[in-house]
>>> print(open('work-v3.csv').read())   # CSV, C-alpha atoms
chain,number,residue,atom,x,y,z
A,1,MET,CA,-13.6,32.7,-1.5
A,2,SER,CA,-13.8,29.7,-3.9
A,3,ASN,CA,-13.5,26.2,-2.6
A,4,PRO,CA,-11.1,24.0,-4.8
A,5,LEU,CA,-13.0,20.9,-3.6
A,6,LEU,CA,-16.1,22.1,-5.4
A,7,GLU,CA,-14.1,22.9,-8.6
A,8,LEU,CA,-13.1,19.2,-8.9
A,9,ARG,CA,-16.7,18.3,-9.7
A,10,GLN,CA,-16.6,20.8,-12.6
A,11,GLN,CA,-13.7,18.7,-14.0
A,12,GLY,CA,-15.9,15.5,-13.8
A,13,GLN,CA,-14.2,14.2,-10.6
A,14,SER,CA,-16.1,13.2,-7.5
A,15,VAL,CA,-14.7,13.7,-4.0
A,16,TRP,CA,-15.3,10.9,-1.5
A,17,TYR,CA,-14.2,11.1,2.1
A,18,ASP,CA,-11.9,8.4,3.4
A,19,ASN,CA,-13.2,8.4,6.9
A,20,ILE,CA,-16.2,7.4,9.1
A,21,GLY,CA,-17.1,7.7,12.7
A,22,ARG,CA,-20.3,7.9,14.7
A,23,GLY,CA,-19.5,11.3,16.1
A,24,MET,CA,-19.2,13.0,12.7
A,25,ILE,CA,-22.4,11.4,11.5
A,26,MET,CA,-24.4,12.4,14.6
A,27,SER,CA,-22.9,15.9,15.0
A,28,GLY,CA,-23.8,17.0,11.5
A,29,GLU,CA,-20.2,17.2,10.3
A,30,MET,CA,-20.8,14.7,7.6
A,31,GLN,CA,-23.7,16.7,6.3
A,32,ARG,CA,-21.6,19.8,6.3
A,33,LEU,CA,-18.9,18.0,4.2
A,34,ILE,CA,-21.6,17.2,1.7
A,35,SER,CA,-23.2,20.6,1.6
A,36,GLU,CA,-20.1,22.8,1.8
A,37,ASP,CA,-17.2,20.8,0.4
A,38,GLY,CA,-19.1,18.8,-2.2
A,39,VAL,CA,-18.3,15.4,-0.7
A,40,ARG,CA,-20.1,12.8,-2.9
A,41,GLY,CA,-19.4,9.6,-1.0
A,42,MET,CA,-17.4,7.9,1.7
A,43,THR,CA,-15.1,4.9,2.1
A,44,SER,CA,-14.2,2.9,5.2
A,45,ASN,CA,-11.8,0.1,6.0
A,46,PRO,CA,-10.7,-1.9,9.1
A,47,ALA,CA,-8.0,0.6,10.0
A,48,ILE,CA,-10.6,3.5,10.0
A,49,PHE,CA,-13.0,1.6,12.1
A,50,GLU,CA,-10.2,0.6,14.5
A,51,LYS,CA,-9.3,4.2,15.0
A,52,ALA,CA,-12.9,5.3,15.4
A,53,ILE,CA,-13.9,2.7,17.9
A,54,SER,CA,-10.6,2.4,19.9
A,55,GLY,CA,-9.6,6.1,19.7
A,56,SER,CA,-12.7,7.7,21.1
A,57,SER,CA,-15.4,7.4,23.7
A,58,GLU,CA,-18.2,7.6,21.1
A,59,TYR,CA,-18.9,3.9,21.2
A,60,THR,CA,-18.5,3.2,25.0
A,61,GLY,CA,-22.2,2.9,25.7
A,62,THR,CA,-22.9,0.8,22.7
A,63,LEU,CA,-19.9,-1.5,23.4
A,64,ARG,CA,-21.1,-2.1,27.0
A,65,GLN,CA,-24.6,-3.0,25.8
A,66,LEU,CA,-23.3,-5.4,23.1
A,67,VAL,CA,-20.8,-7.0,25.5
A,68,ALA,CA,-23.6,-7.5,28.0
A,69,SER,CA,-25.7,-9.2,25.3
A,70,GLY,CA,-23.0,-12.0,25.2
A,71,ARG,CA,-22.0,-11.5,21.6
A,72,THR,CA,-18.6,-12.4,20.3
A,73,SER,CA,-16.0,-9.7,19.5
A,74,LEU,CA,-16.6,-10.1,15.8
A,75,GLN,CA,-20.4,-9.9,16.2
A,76,ILE,CA,-19.9,-6.7,18.3
A,77,TYR,CA,-17.7,-5.1,15.6
A,78,GLU,CA,-20.2,-6.0,12.9
A,79,ALA,CA,-23.1,-4.6,14.8
A,80,ILE,CA,-21.3,-1.3,15.3
A,81,ALA,CA,-20.0,-1.1,11.7
A,82,ILE,CA,-23.3,-2.0,10.1
A,83,GLN,CA,-25.2,0.7,12.1
A,84,ASP,CA,-22.6,3.4,11.3
A,85,ILE,CA,-22.8,2.3,7.6
A,86,GLN,CA,-26.6,2.5,7.6
A,87,TRP,CA,-26.6,5.9,9.1
A,88,ALA,CA,-24.0,7.2,6.7
A,89,ALA,CA,-25.9,5.7,3.8
A,90,ASP,CA,-29.0,7.5,4.9
A,91,VAL,CA,-27.2,10.9,5.0
A,92,LEU,CA,-25.7,10.2,1.5
A,93,LEU,CA,-29.0,9.0,0.0
A,94,PRO,CA,-30.0,12.5,-1.4
A,95,VAL,CA,-26.6,12.5,-3.2
A,96,TYR,CA,-27.3,9.0,-4.6
A,97,GLU,CA,-30.8,10.0,-5.8
A,98,GLU,CA,-29.7,13.4,-7.2
A,99,SER,CA,-26.8,11.7,-9.2
A,100,GLU,CA,-29.1,8.9,-10.3
A,101,GLY,CA,-26.9,6.3,-8.6
A,102,ARG,CA,-23.5,7.6,-9.8
A,103,ASP,CA,-22.4,8.9,-6.4
A,104,GLY,CA,-23.7,8.9,-2.8
A,105,PHE,CA,-22.1,5.6,-1.8
A,106,ILE,CA,-20.7,4.4,1.5
A,107,SER,CA,-18.3,1.4,1.4
A,108,LEU,CA,-18.0,-1.5,3.8
A,109,GLU,CA,-15.2,-4.0,3.5
A,110,VAL,CA,-15.4,-7.7,3.7
A,111,SER,CA,-13.0,-9.2,6.3
A,112,PRO,CA,-9.4,-8.8,5.2
A,113,ARG,CA,-8.9,-12.4,6.5
A,114,LEU,CA,-10.8,-13.6,3.4
A,115,ALA,CA,-8.5,-12.0,0.8
A,116,ASP,CA,-7.4,-15.4,-0.4
A,117,ASP,CA,-10.8,-17.2,-0.4
A,118,THR,CA,-13.2,-16.5,-3.3
A,119,ALA,CA,-16.2,-18.5,-2.0
A,120,ALA,CA,-16.0,-17.0,1.5
A,121,THR,CA,-15.6,-13.5,0.1
A,122,VAL,CA,-18.7,-13.9,-2.0
A,123,GLU,CA,-20.7,-15.4,0.9
A,124,GLU,CA,-19.7,-12.6,3.3
A,125,ALA,CA,-20.3,-9.8,0.7
A,126,LEU,CA,-23.8,-11.1,0.1
A,127,ARG,CA,-24.5,-11.4,3.8
A,128,LEU,CA,-23.2,-7.9,4.7
A,129,ALA,CA,-25.2,-6.4,1.8
A,130,GLY,CA,-28.3,-8.0,3.1
A,131,GLU,CA,-27.7,-6.9,6.7
A,132,VAL,CA,-27.0,-3.3,5.8
A,133,GLY,CA,-30.0,-3.2,3.4
A,134,ARG,CA,-29.1,0.1,1.7
A,135,ARG,CA,-29.1,0.5,-2.1
A,136,ASN,CA,-26.2,3.0,-1.9
A,137,LEU,CA,-23.9,0.6,-0.2
A,138,MET,CA,-20.7,-0.5,-1.9
A,139,ILE,CA,-19.1,-3.7,-0.7
A,140,LYS,CA,-15.2,-3.5,-0.8
A,141,VAL,CA,-13.5,-6.6,-2.2
A,142,PRO,CA,-9.7,-6.7,-2.5
A,143,GLY,CA,-8.3,-7.2,-6.1
A,144,THR,CA,-6.3,-10.2,-5.1
A,145,THR,CA,-6.1,-13.4,-7.1
A,146,ALA,CA,-9.1,-14.7,-5.2
A,147,GLY,CA,-10.9,-11.4,-5.1
A,148,VAL,CA,-11.1,-10.9,-8.9
A,149,PRO,CA,-13.4,-13.9,-9.5
A,150,ALA,CA,-15.4,-12.9,-6.5
A,151,VAL,CA,-16.0,-9.4,-8.0
A,152,GLU,CA,-17.3,-11.0,-11.2
A,153,GLN,CA,-19.8,-13.2,-9.2
A,154,LEU,CA,-20.9,-10.3,-7.0
A,155,ILE,CA,-21.5,-8.0,-10.0
A,156,ALA,CA,-23.5,-10.8,-11.6
A,157,GLU,CA,-25.6,-10.8,-8.4
A,158,GLY,CA,-26.3,-7.1,-8.8
A,159,LEU,CA,-24.2,-5.8,-5.9
A,160,ASN,CA,-22.3,-2.5,-6.0
A,161,ILE,CA,-18.6,-3.3,-5.6
A,162,ASN,CA,-15.5,-1.2,-4.7
A,163,ILE,CA,-12.5,-3.2,-5.8
A,164,THR,CA,-9.7,-2.2,-3.5
A,165,LEU,CA,-5.9,-2.7,-3.1
A,166,LEU,CA,-5.1,-2.2,-6.7
A,167,PHE,CA,-1.5,-1.2,-7.5
A,168,SER,CA,-0.7,-2.5,-10.9
A,169,ARG,CA,-2.2,-1.7,-14.3
A,170,LYS,CA,-2.3,-5.4,-15.1
A,171,ASN,CA,-4.4,-6.0,-12.0
A,172,TYR,CA,-6.7,-3.1,-12.9
A,173,VAL,CA,-7.2,-4.6,-16.4
A,174,GLU,CA,-8.2,-7.9,-14.8
A,175,VAL,CA,-10.7,-6.1,-12.5
A,176,ALA,CA,-12.2,-4.2,-15.4
A,177,ALA,CA,-12.7,-7.4,-17.3
A,178,ALA,CA,-14.3,-9.0,-14.3
A,179,TYR,CA,-16.7,-6.1,-14.0
A,180,VAL,CA,-17.7,-6.5,-17.7
A,181,ALA,CA,-18.1,-10.2,-17.4
A,182,GLY,CA,-20.3,-9.9,-14.4
A,183,LEU,CA,-22.5,-7.3,-16.1
A,184,GLU,CA,-22.8,-9.6,-19.1
A,185,THR,CA,-24.0,-12.5,-16.8
A,186,LEU,CA,-26.4,-10.1,-15.1
A,187,ALA,CA,-27.7,-9.0,-18.5
A,188,ALA,CA,-28.2,-12.6,-19.6
A,189,ARG,CA,-30.3,-13.1,-16.5
A,190,GLY,CA,-32.5,-10.2,-17.4
A,191,GLY,CA,-31.0,-8.0,-14.6
A,192,GLN,CA,-31.1,-4.2,-14.5
A,193,LEU,CA,-27.6,-3.0,-15.4
A,194,SER,CA,-28.2,0.6,-14.6
A,195,SER,CA,-28.7,-0.3,-10.9
A,196,VAL,CA,-25.1,-1.6,-10.5
A,197,ALA,CA,-22.2,0.7,-9.8
A,198,SER,CA,-18.5,-0.1,-9.3
A,199,VAL,CA,-15.2,1.7,-8.7
A,200,ALA,CA,-11.7,0.4,-9.0
A,201,SER,CA,-9.6,1.7,-6.1
A,202,PHE,CA,-6.1,2.4,-7.5
A,203,PHE,CA,-3.5,3.2,-4.8
A,204,VAL,CA,-1.1,6.0,-5.4
A,205,SER,CA,1.3,7.3,-2.8
A,206,ARG,CA,2.4,3.9,-1.4
A,207,ILE,CA,3.9,3.2,-4.8
A,208,ASP,CA,6.2,6.2,-4.6
A,209,ALA,CA,7.2,5.3,-1.1
A,210,MET,CA,8.3,1.8,-2.1
A,211,VAL,CA,9.9,2.9,-5.3
A,212,GLU,CA,11.9,5.6,-3.6
A,213,ASP,CA,13.2,3.2,-1.0
A,214,ARG,CA,14.5,1.1,-3.9
A,215,ILE,CA,16.0,4.1,-5.6
A,216,GLN,CA,17.8,5.2,-2.5
A,217,THR,CA,19.2,1.7,-2.1
A,218,ARG,CA,20.5,1.7,-5.6
A,219,LEU,CA,22.0,5.2,-5.1
A,220,ALA,CA,23.8,4.0,-2.0
A,221,GLU,CA,25.3,1.1,-3.9
A,222,GLY,CA,27.0,3.5,-6.3
A,223,GLY,CA,26.8,2.9,-10.0
A,224,SER,CA,27.5,5.2,-12.9
A,225,ALA,CA,27.0,8.9,-12.8
A,226,ARG,CA,24.5,8.6,-15.6
A,227,ASP,CA,22.4,6.0,-13.8
A,228,ARG,CA,22.4,8.0,-10.6
A,229,VAL,CA,21.1,11.0,-12.4
A,230,ALA,CA,18.4,8.9,-14.1
A,231,LEU,CA,17.4,7.3,-10.8
A,232,ARG,CA,17.1,10.7,-9.1
A,233,SER,CA,15.0,12.0,-12.0
A,234,LEU,CA,12.3,9.4,-11.2
A,235,LEU,CA,11.7,10.4,-7.6
A,236,GLY,CA,8.1,11.5,-7.1
A,237,LYS,CA,7.0,10.6,-10.6
A,238,VAL,CA,6.3,6.9,-10.7
A,239,ALA,CA,3.0,6.7,-8.8
A,240,ILE,CA,1.4,9.5,-10.9
A,241,ALA,CA,2.7,8.0,-14.1
A,242,ASN,CA,1.3,4.6,-13.1
A,243,ALA,CA,-2.1,6.1,-12.4
A,244,LYS,CA,-2.3,8.1,-15.5
A,245,LEU,CA,-1.5,5.1,-17.6
A,246,ALA,CA,-4.2,3.1,-15.8
A,247,TYR,CA,-6.6,5.9,-16.8
A,248,ALA,CA,-5.4,5.6,-20.4
A,249,HIS,CA,-6.5,1.9,-20.1
A,250,TYR,CA,-9.9,3.0,-18.8
A,251,ARG,CA,-10.4,5.3,-21.8
A,252,GLU,CA,-9.4,2.6,-24.2
A,253,PHE,CA,-11.6,0.0,-22.5
A,254,THR,CA,-14.7,2.1,-22.5
A,255,SER,CA,-14.4,2.9,-26.2
A,256,GLU,CA,-14.4,-0.8,-27.2
A,257,ASP,CA,-17.5,-2.4,-28.7
A,258,ARG,CA,-17.8,-4.9,-25.9
A,259,TRP,CA,-18.3,-2.1,-23.4
A,260,GLN,CA,-20.5,0.0,-25.7
A,261,ARG,CA,-23.0,-2.8,-26.0
A,262,LEU,CA,-23.4,-2.9,-22.2
A,263,ALA,CA,-23.5,0.9,-22.0
A,264,ALA,CA,-26.4,0.8,-24.6
A,265,ARG,CA,-28.3,-1.3,-22.1
A,266,GLY,CA,-27.7,1.2,-19.3
A,267,ALA,CA,-24.5,-0.1,-17.7
A,268,ARG,CA,-22.4,2.4,-15.8
A,269,PRO,CA,-18.6,2.6,-16.4
A,270,GLN,CA,-16.5,1.4,-13.5
A,271,ARG,CA,-14.7,4.6,-12.5
A,272,LEU,CA,-11.1,4.6,-11.3
A,273,LEU,CA,-10.9,5.8,-7.7
A,274,TRP,CA,-7.6,7.3,-6.5
A,275,ALA,CA,-6.8,5.9,-3.1
A,276,SER,CA,-3.9,6.5,-0.8
A,277,THR,CA,-3.7,10.1,-1.8
A,278,SER,CA,-2.0,11.5,1.3
A,279,THR,CA,1.6,12.5,0.6
A,280,LYS,CA,4.0,10.3,2.4
A,281,ASN,CA,7.2,12.3,1.6
A,282,PRO,CA,7.3,15.7,3.3
A,283,ALA,CA,9.5,17.0,0.5
A,284,TYR,CA,6.5,16.9,-1.8
A,285,ARG,CA,3.5,19.2,-2.0
A,286,ASP,CA,0.9,17.9,0.4
A,287,VAL,CA,-1.8,17.8,-2.2
A,288,LEU,CA,0.4,16.4,-5.0
A,289,TYR,CA,-1.7,13.2,-5.6
A,290,VAL,CA,-4.9,15.3,-5.9
A,291,GLU,CA,-3.7,18.0,-8.2
A,292,GLU,CA,-1.9,15.7,-10.6
A,293,LEU,CA,-4.9,13.2,-11.0
A,294,ILE,CA,-7.8,15.4,-11.9
A,295,GLY,CA,-10.0,14.2,-14.8
A,296,PRO,CA,-13.4,13.1,-16.0
A,297,ASP,CA,-15.1,10.0,-14.7
A,298,THR,CA,-12.9,9.5,-11.7
A,299,VAL,CA,-13.2,9.6,-7.9
A,300,ASN,CA,-10.6,10.8,-5.4
A,301,THR,CA,-11.1,9.6,-1.9
A,302,LEU,CA,-9.4,11.9,0.6
A,303,PRO,CA,-8.5,11.4,4.2
A,304,GLN,CA,-9.3,14.3,6.5
A,305,ALA,CA,-5.9,16.1,6.4
A,306,THR,CA,-5.6,15.9,2.6
A,307,LEU,CA,-9.2,17.2,2.2
A,308,GLU,CA,-8.5,20.1,4.5
A,309,SER,CA,-5.2,20.9,2.7
A,310,PHE,CA,-6.8,20.8,-0.7
A,311,ARG,CA,-9.7,23.0,0.5
A,312,ASP,CA,-7.1,25.5,1.7
A,313,HIS,CA,-4.6,25.7,-1.2
A,314,GLY,CA,-5.4,23.1,-3.9
A,315,LEU,CA,-5.0,24.1,-7.5
A,316,VAL,CA,-7.4,22.6,-10.0
A,317,ARG,CA,-6.6,21.8,-13.7
A,318,PRO,CA,-7.4,18.9,-16.0
A,319,SER,CA,-4.1,17.2,-15.2
A,320,LEU,CA,-5.0,13.6,-15.8
A,321,LEU,CA,-4.6,13.8,-19.6
A,322,GLU,CA,-1.3,15.7,-19.5
A,323,GLY,CA,2.0,14.1,-20.4
A,324,VAL,CA,0.9,10.5,-21.0
A,325,ASP,CA,3.8,9.9,-23.3
A,326,GLU,CA,6.2,11.1,-20.6
A,327,CYS,CA,4.5,8.7,-18.2
A,328,ARG,CA,5.4,5.8,-20.5
A,329,ASP,CA,9.0,7.1,-20.5
A,330,VAL,CA,9.0,7.1,-16.7
A,331,MET,CA,7.8,3.5,-16.5
A,332,ASP,CA,10.2,2.3,-19.2
A,333,GLY,CA,13.1,4.1,-17.5
A,334,LEU,CA,12.3,2.5,-14.2
A,335,GLU,CA,12.5,-1.0,-15.7
A,336,GLU,CA,15.7,-0.1,-17.7
A,337,LEU,CA,17.4,0.9,-14.4
A,338,GLY,CA,16.6,-2.5,-12.9
A,339,ILE,CA,13.6,-1.7,-10.7
A,340,SER,CA,10.7,-4.1,-11.5
A,341,MET,CA,7.3,-2.4,-11.2
A,342,GLU,CA,5.7,-5.9,-11.1
A,343,GLU,CA,7.7,-6.8,-8.0
A,344,VAL,CA,6.9,-3.4,-6.4
A,345,THR,CA,3.1,-3.8,-7.0
A,346,ASP,CA,3.0,-7.4,-6.0
A,347,GLN,CA,4.7,-6.6,-2.7
A,348,LEU,CA,2.5,-3.6,-2.1
A,349,GLN,CA,-0.7,-5.7,-2.4
A,350,LYS,CA,0.6,-8.3,0.0
A,351,ASP,CA,1.6,-5.7,2.5
A,352,ALA,CA,-1.7,-3.9,2.1
A,353,VAL,CA,-3.7,-7.0,3.0
A,354,ARG,CA,-1.5,-7.5,6.0
A,355,LEU,CA,-1.9,-3.8,7.0
A,356,PHE,CA,-5.6,-4.3,7.0
A,357,VAL,CA,-5.6,-7.6,8.9
A,358,GLU,CA,-3.5,-6.1,11.7
A,359,PRO,CA,-5.8,-3.2,12.7
A,360,PHE,CA,-8.8,-5.6,12.3
A,361,ASP,CA,-7.2,-7.9,14.8
A,362,SER,CA,-6.3,-5.0,17.0
A,363,LEU,CA,-9.9,-3.8,16.9
A,364,LEU,CA,-11.2,-7.2,17.9
A,365,GLN,CA,-8.7,-7.3,20.8
A,366,ALA,CA,-9.8,-3.8,21.9
A,367,ILE,CA,-13.4,-5.1,21.9
A,368,GLU,CA,-12.4,-8.2,23.9
A,369,ASP,CA,-10.8,-5.9,26.4
A,370,GLN,CA,-14.2,-4.4,27.0
A,371,CYS,CA,-15.4,-7.8,28.1
A,372,GLU,CA,-13.8,-7.6,31.5
A,373,ALA,CA,-17.0,-6.7,33.2
A,374,ARG,CA,-18.7,-9.7,31.7
A,375,PRO,CA,-16.7,-12.4,29.9
A,376,CYS,CA,-17.7,-12.9,26.3
A,377,GLU,CA,-16.9,-15.6,23.8
A,378,VAL,CA,-13.8,-14.7,21.7
A,379,ALA,CA,-14.6,-14.9,18.0
A,380,PRO,CA,-12.7,-17.6,16.1
A,381,ARG,CA,-10.0,-16.1,13.8
A,382,ARG,CA,-9.7,-17.4,10.4
A,383,ALA,CA,-6.2,-17.7,8.9
>>> encode(input="work-v3.csv", output="structure tokens")
Amino acid sequence: MSNPLLELRQQGQSVWYDNIGRGMIMSGEMQRLISEDGVRGMTSNPAIFEKAISGSSEYTGTLRQLVASGRTSLQIYEAIAIQDIQWAADVLLPVYEESEGRDGFISLEVSPRLADDTAATVEEALRLAGEVGRRNLMIKVPGTTAGVPAVEQLIAEGLNINITLLFSRKNYVEVAAAYVAGLETLAARGGQLSSVASVASFFVSRIDAMVEDRIQTRLAEGGSARDRVALRSLLGKVAIANAKLAYAHYREFTSEDRWQRLAARGARPQRLLWASTSTKNPAYRDVLYVEELIGPDTVNTLPQATLESFRDHGLVRPSLLEGVDECRDVMDGLEELGISMEEVTDQLQKDAVRLFVEPFDSLLQAIEDQCEARPCEVAPRRA
């Protein structure tokens, strides 16, 4: 029986796994995902680590040892996360080498508390990269106003960067420009461009969830029959249209002379990575955001449930290039009906930063709770 996950690679798309945990690394489950399901990389975030550490007994012994050492809660978290990331990077290293540095990455996020601080983000990214010490590490940096210049600086330093929390096409264009500017600085310094990789993590399903809330509000307010029909016609279409138009930007950008000059020196394109690909609305097909965004030079990072669903009943076709003109009509229609995509994406990014800070703080609190046997210093929390 064929595995649809393996067919995605034939379309030029890499599958990364949006999950990490010590148990899956040590049990061989991670290696099975690579060998049997074609997983080519992994991503992590504070919410995933919070679930892994707080939701299982896998870390109990390590936590007790670290608590006994007198470390702060933040130091304990970092020790655990760095070790897991190192182990995952080692398992993925053959993929990294076989793909000549295109895949095989594991991502580690800078503290979400630093999302509005460029200098602190750069400092922490460099420190974490040094402590992990793996060439197939990607540091995750949010694409916030402060994060974009941090990306440029870190690329210029030769780090692999996963720019996350992207919702708007305008923000994506800014991130792509920062990547190119960073590579140009690196080239001017005589750096090796081919050793640097980057992905731009473009979020999908959360857009539909927020747009649909606004559509339902508008429908409840009444309005003309024509507008109500037009609003209903947009349900479930906006997130995919937004992503496809971002990919159109990517194709235009990589055809320009500025990029081609870098490519001639060995630079790798910054691939779009589809994030938030689990379906939030039960009325939609559970693999909607995988099936409709399949195309060359992209990554789809799948949480466990979505990966298993796509393995079971996913349908593969080169969907990413389909209906681009219709996508523009969808986005134009949304604006004409009085729903601002800019307001939606700005709010989503603000919410996303908060939604990563909250589990990060919950994780540190859970670690502090482990300190009952031996009081430990509470890590200072930055605003």
>>> atom_distance(input="work-v3.csv", atom1="atom CA of Ser168 of chain A", atom2="atom CA of Val324 of chain A")
16.5 Å
>>> residues_around(input="work-v3.csv", residues="Glu50 of chain A", least_positions_apart="5", cutoff="12 Å", atoms="all atoms listed in the file", output="JSON, numbers by chain")
{"A": [19, 20, 21, 44, 45, 55, 56, 59, 77, 80, 81, 356, 357, 358, 359, 360, 361, 362, 363, 364, 365, 366, 367]}
>>> write_last_selection(input="work-v3.csv", atoms="C-alpha atoms", output="PDB file, in the coordinates of the input")
ATOM      1  CA  ASN A  19     -13.200   8.400   6.900  1.00  0.00           C
ATOM      2  CA  ILE A  20     -16.200   7.400   9.100  1.00  0.00           C
ATOM      3  CA  GLY A  21     -17.100   7.700  12.700  1.00  0.00           C
ATOM      4  CA  SER A  44     -14.200   2.900   5.200  1.00  0.00           C
ATOM      5  CA  ASN A  45     -11.800   0.100   6.000  1.00  0.00           C
ATOM      6  CA  GLY A  55      -9.600   6.100  19.700  1.00  0.00           C
ATOM      7  CA  SER A  56     -12.700   7.700  21.100  1.00  0.00           C
ATOM      8  CA  TYR A  59     -18.900   3.900  21.200  1.00  0.00           C
ATOM      9  CA  TYR A  77     -17.700  -5.100  15.600  1.00  0.00           C
ATOM     10  CA  ILE A  80     -21.300  -1.300  15.300  1.00  0.00           C
ATOM     11  CA  ALA A  81     -20.000  -1.100  11.700  1.00  0.00           C
ATOM     12  CA  PHE A 356      -5.600  -4.300   7.000  1.00  0.00           C
ATOM     13  CA  VAL A 357      -5.600  -7.600   8.900  1.00  0.00           C
ATOM     14  CA  GLU A 358      -3.500  -6.100  11.700  1.00  0.00           C
ATOM     15  CA  PRO A 359      -5.800  -3.200  12.700  1.00  0.00           C
ATOM     16  CA  PHE A 360      -8.800  -5.600  12.300  1.00  0.00           C
ATOM     17  CA  ASP A 361      -7.200  -7.900  14.800  1.00  0.00           C
ATOM     18  CA  SER A 362      -6.300  -5.000  17.000  1.00  0.00           C
ATOM     19  CA  LEU A 363      -9.900  -3.800  16.900  1.00  0.00           C
ATOM     20  CA  LEU A 364     -11.200  -7.200  17.900  1.00  0.00           C
ATOM     21  CA  GLN A 365      -8.700  -7.300  20.800  1.00  0.00           C
ATOM     22  CA  ALA A 366      -9.800  -3.800  21.900  1.00  0.00           C
ATOM     23  CA  ILE A 367     -13.400  -5.100  21.900  1.00  0.00           C
TER      24      ILE A 367
END
>>> residues_around(input="work-v3.csv", residues="Phe202 of chain A", least_positions_apart="5", cutoff="7 Å", atoms="all atoms listed in the file", output="number ranges by chain")
A: 165-167, 272-275
>>> write_last_selection(input="work-v3.csv", atoms="C-alpha atoms", output="mmCIF file, in the frame of the given file")
data_model
loop_
_atom_site.group_PDB
_atom_site.id
_atom_site.type_symbol
_atom_site.label_atom_id
_atom_site.label_comp_id
_atom_site.auth_asym_id
_atom_site.auth_seq_id
_atom_site.Cartn_x
_atom_site.Cartn_y
_atom_site.Cartn_z
ATOM 1 C CA LEU A 165 -5.900 -2.700 -3.100
ATOM 2 C CA LEU A 166 -5.100 -2.200 -6.700
ATOM 3 C CA PHE A 167 -1.500 -1.200 -7.500
ATOM 4 C CA LEU A 272 -11.100 4.600 -11.300
ATOM 5 C CA LEU A 273 -10.900 5.800 -7.700
ATOM 6 C CA TRP A 274 -7.600 7.300 -6.500
ATOM 7 C CA ALA A 275 -6.800 5.900 -3.100
#
>>> residues_around(input="work-v3.csv", residues="Val330 of chain A", least_positions_apart="3", cutoff="9 Å", atoms="only C-alpha atoms", output="VMD selection string")
chain A and resid 234 237 to 238 241 to 242 325 to 327 333 to 335
>>> residues_around(input="work-v3.csv", residues="Asn281 of chain A", least_positions_apart="5", cutoff="12 Å", atoms="only C-alpha atoms", output="list in words")
Ser205, Arg206, Ile207, Asp208, Ala209, Met210, Val211, Glu212, Asp213, Leu235, Gly236, Asp286, Val287, Leu288 and Tyr289 of chain A
>>> residues_around(input="work-v3.csv", residues="segment 83-94 of chain A", least_positions_apart="3", cutoff="8 Å", atoms="all atoms listed in the file", output="ChimeraX atom specification")
/A:20-22,25,30-31,40-41,79-80,97-98,104-108,132-134,136-137
>>> closest_atom_pairs(input="work-v3.csv", of="segment 177-252 of chain A", to="segment 145-154 of chain A", cutoff="9 Å", atoms="only C-alpha atoms", output="JSON lines")
{"residue": "A:Ala177", "atom": "CA", "partner": "A:Glu152", "partner_atom": "CA", "distance": 8.4}
{"residue": "A:Ala178", "atom": "CA", "partner": "A:Glu152", "partner_atom": "CA", "distance": 4.8}
{"residue": "A:Tyr179", "atom": "CA", "partner": "A:Glu152", "partner_atom": "CA", "distance": 5.7}
{"residue": "A:Val180", "atom": "CA", "partner": "A:Glu152", "partner_atom": "CA", "distance": 7.9}
{"residue": "A:Ala181", "atom": "CA", "partner": "A:Glu152", "partner_atom": "CA", "distance": 6.3}
{"residue": "A:Gly182", "atom": "CA", "partner": "A:Glu152", "partner_atom": "CA", "distance": 4.5}
{"residue": "A:Leu183", "atom": "CA", "partner": "A:Glu152", "partner_atom": "CA", "distance": 8.0}
{"residue": "A:Thr185", "atom": "CA", "partner": "A:Gln153", "partner_atom": "CA", "distance": 8.7}
>>> build_atoms(input="work-v3.csv", residues="segment 293-301 of chain A", atoms="N, CA and C atoms", output="mmCIF file, in the coordinates of the input")
data_model
loop_
_atom_site.group_PDB
_atom_site.id
_atom_site.type_symbol
_atom_site.label_atom_id
_atom_site.label_comp_id
_atom_site.auth_asym_id
_atom_site.auth_seq_id
_atom_site.Cartn_x
_atom_site.Cartn_y
_atom_site.Cartn_z
ATOM 1 N N LEU A 293 -3.993 14.297 -10.566
ATOM 2 C CA LEU A 293 -4.900 13.200 -11.000
ATOM 3 C C LEU A 293 -6.304 13.672 -11.175
ATOM 4 N N ILE A 294 -6.488 14.826 -11.774
ATOM 5 C CA ILE A 294 -7.800 15.400 -11.900
ATOM 6 C C ILE A 294 -8.299 15.169 -13.366
ATOM 7 N N GLY A 295 -9.449 14.511 -13.490
ATOM 8 C CA GLY A 295 -10.000 14.200 -14.800
ATOM 9 C C GLY A 295 -11.373 13.662 -14.766
ATOM 10 N N PRO A 296 -12.043 13.585 -15.910
ATOM 11 C CA PRO A 296 -13.400 13.100 -16.000
ATOM 12 C C PRO A 296 -13.592 11.664 -15.564
ATOM 13 N N ASP A 297 -14.755 11.353 -15.032
ATOM 14 C CA ASP A 297 -15.100 10.000 -14.700
ATOM 15 C C ASP A 297 -14.191 9.325 -13.715
ATOM 16 N N THR A 298 -13.738 10.078 -12.731
ATOM 17 C CA THR A 298 -12.900 9.500 -11.700
ATOM 18 C C THR A 298 -13.387 9.961 -10.325
ATOM 19 N N VAL A 299 -12.858 9.288 -9.312
ATOM 20 C CA VAL A 299 -13.200 9.600 -7.900
ATOM 21 C C VAL A 299 -11.820 9.767 -7.202
ATOM 22 N N ASN A 300 -11.733 10.715 -6.283
ATOM 23 C CA ASN A 300 -10.600 10.800 -5.400
ATOM 24 C C ASN A 300 -11.087 10.708 -3.982
ATOM 25 N N THR A 301 -10.643 9.705 -3.246
ATOM 26 C CA THR A 301 -11.100 9.600 -1.900
ATOM 27 C C THR A 301 -10.019 10.126 -0.943
#
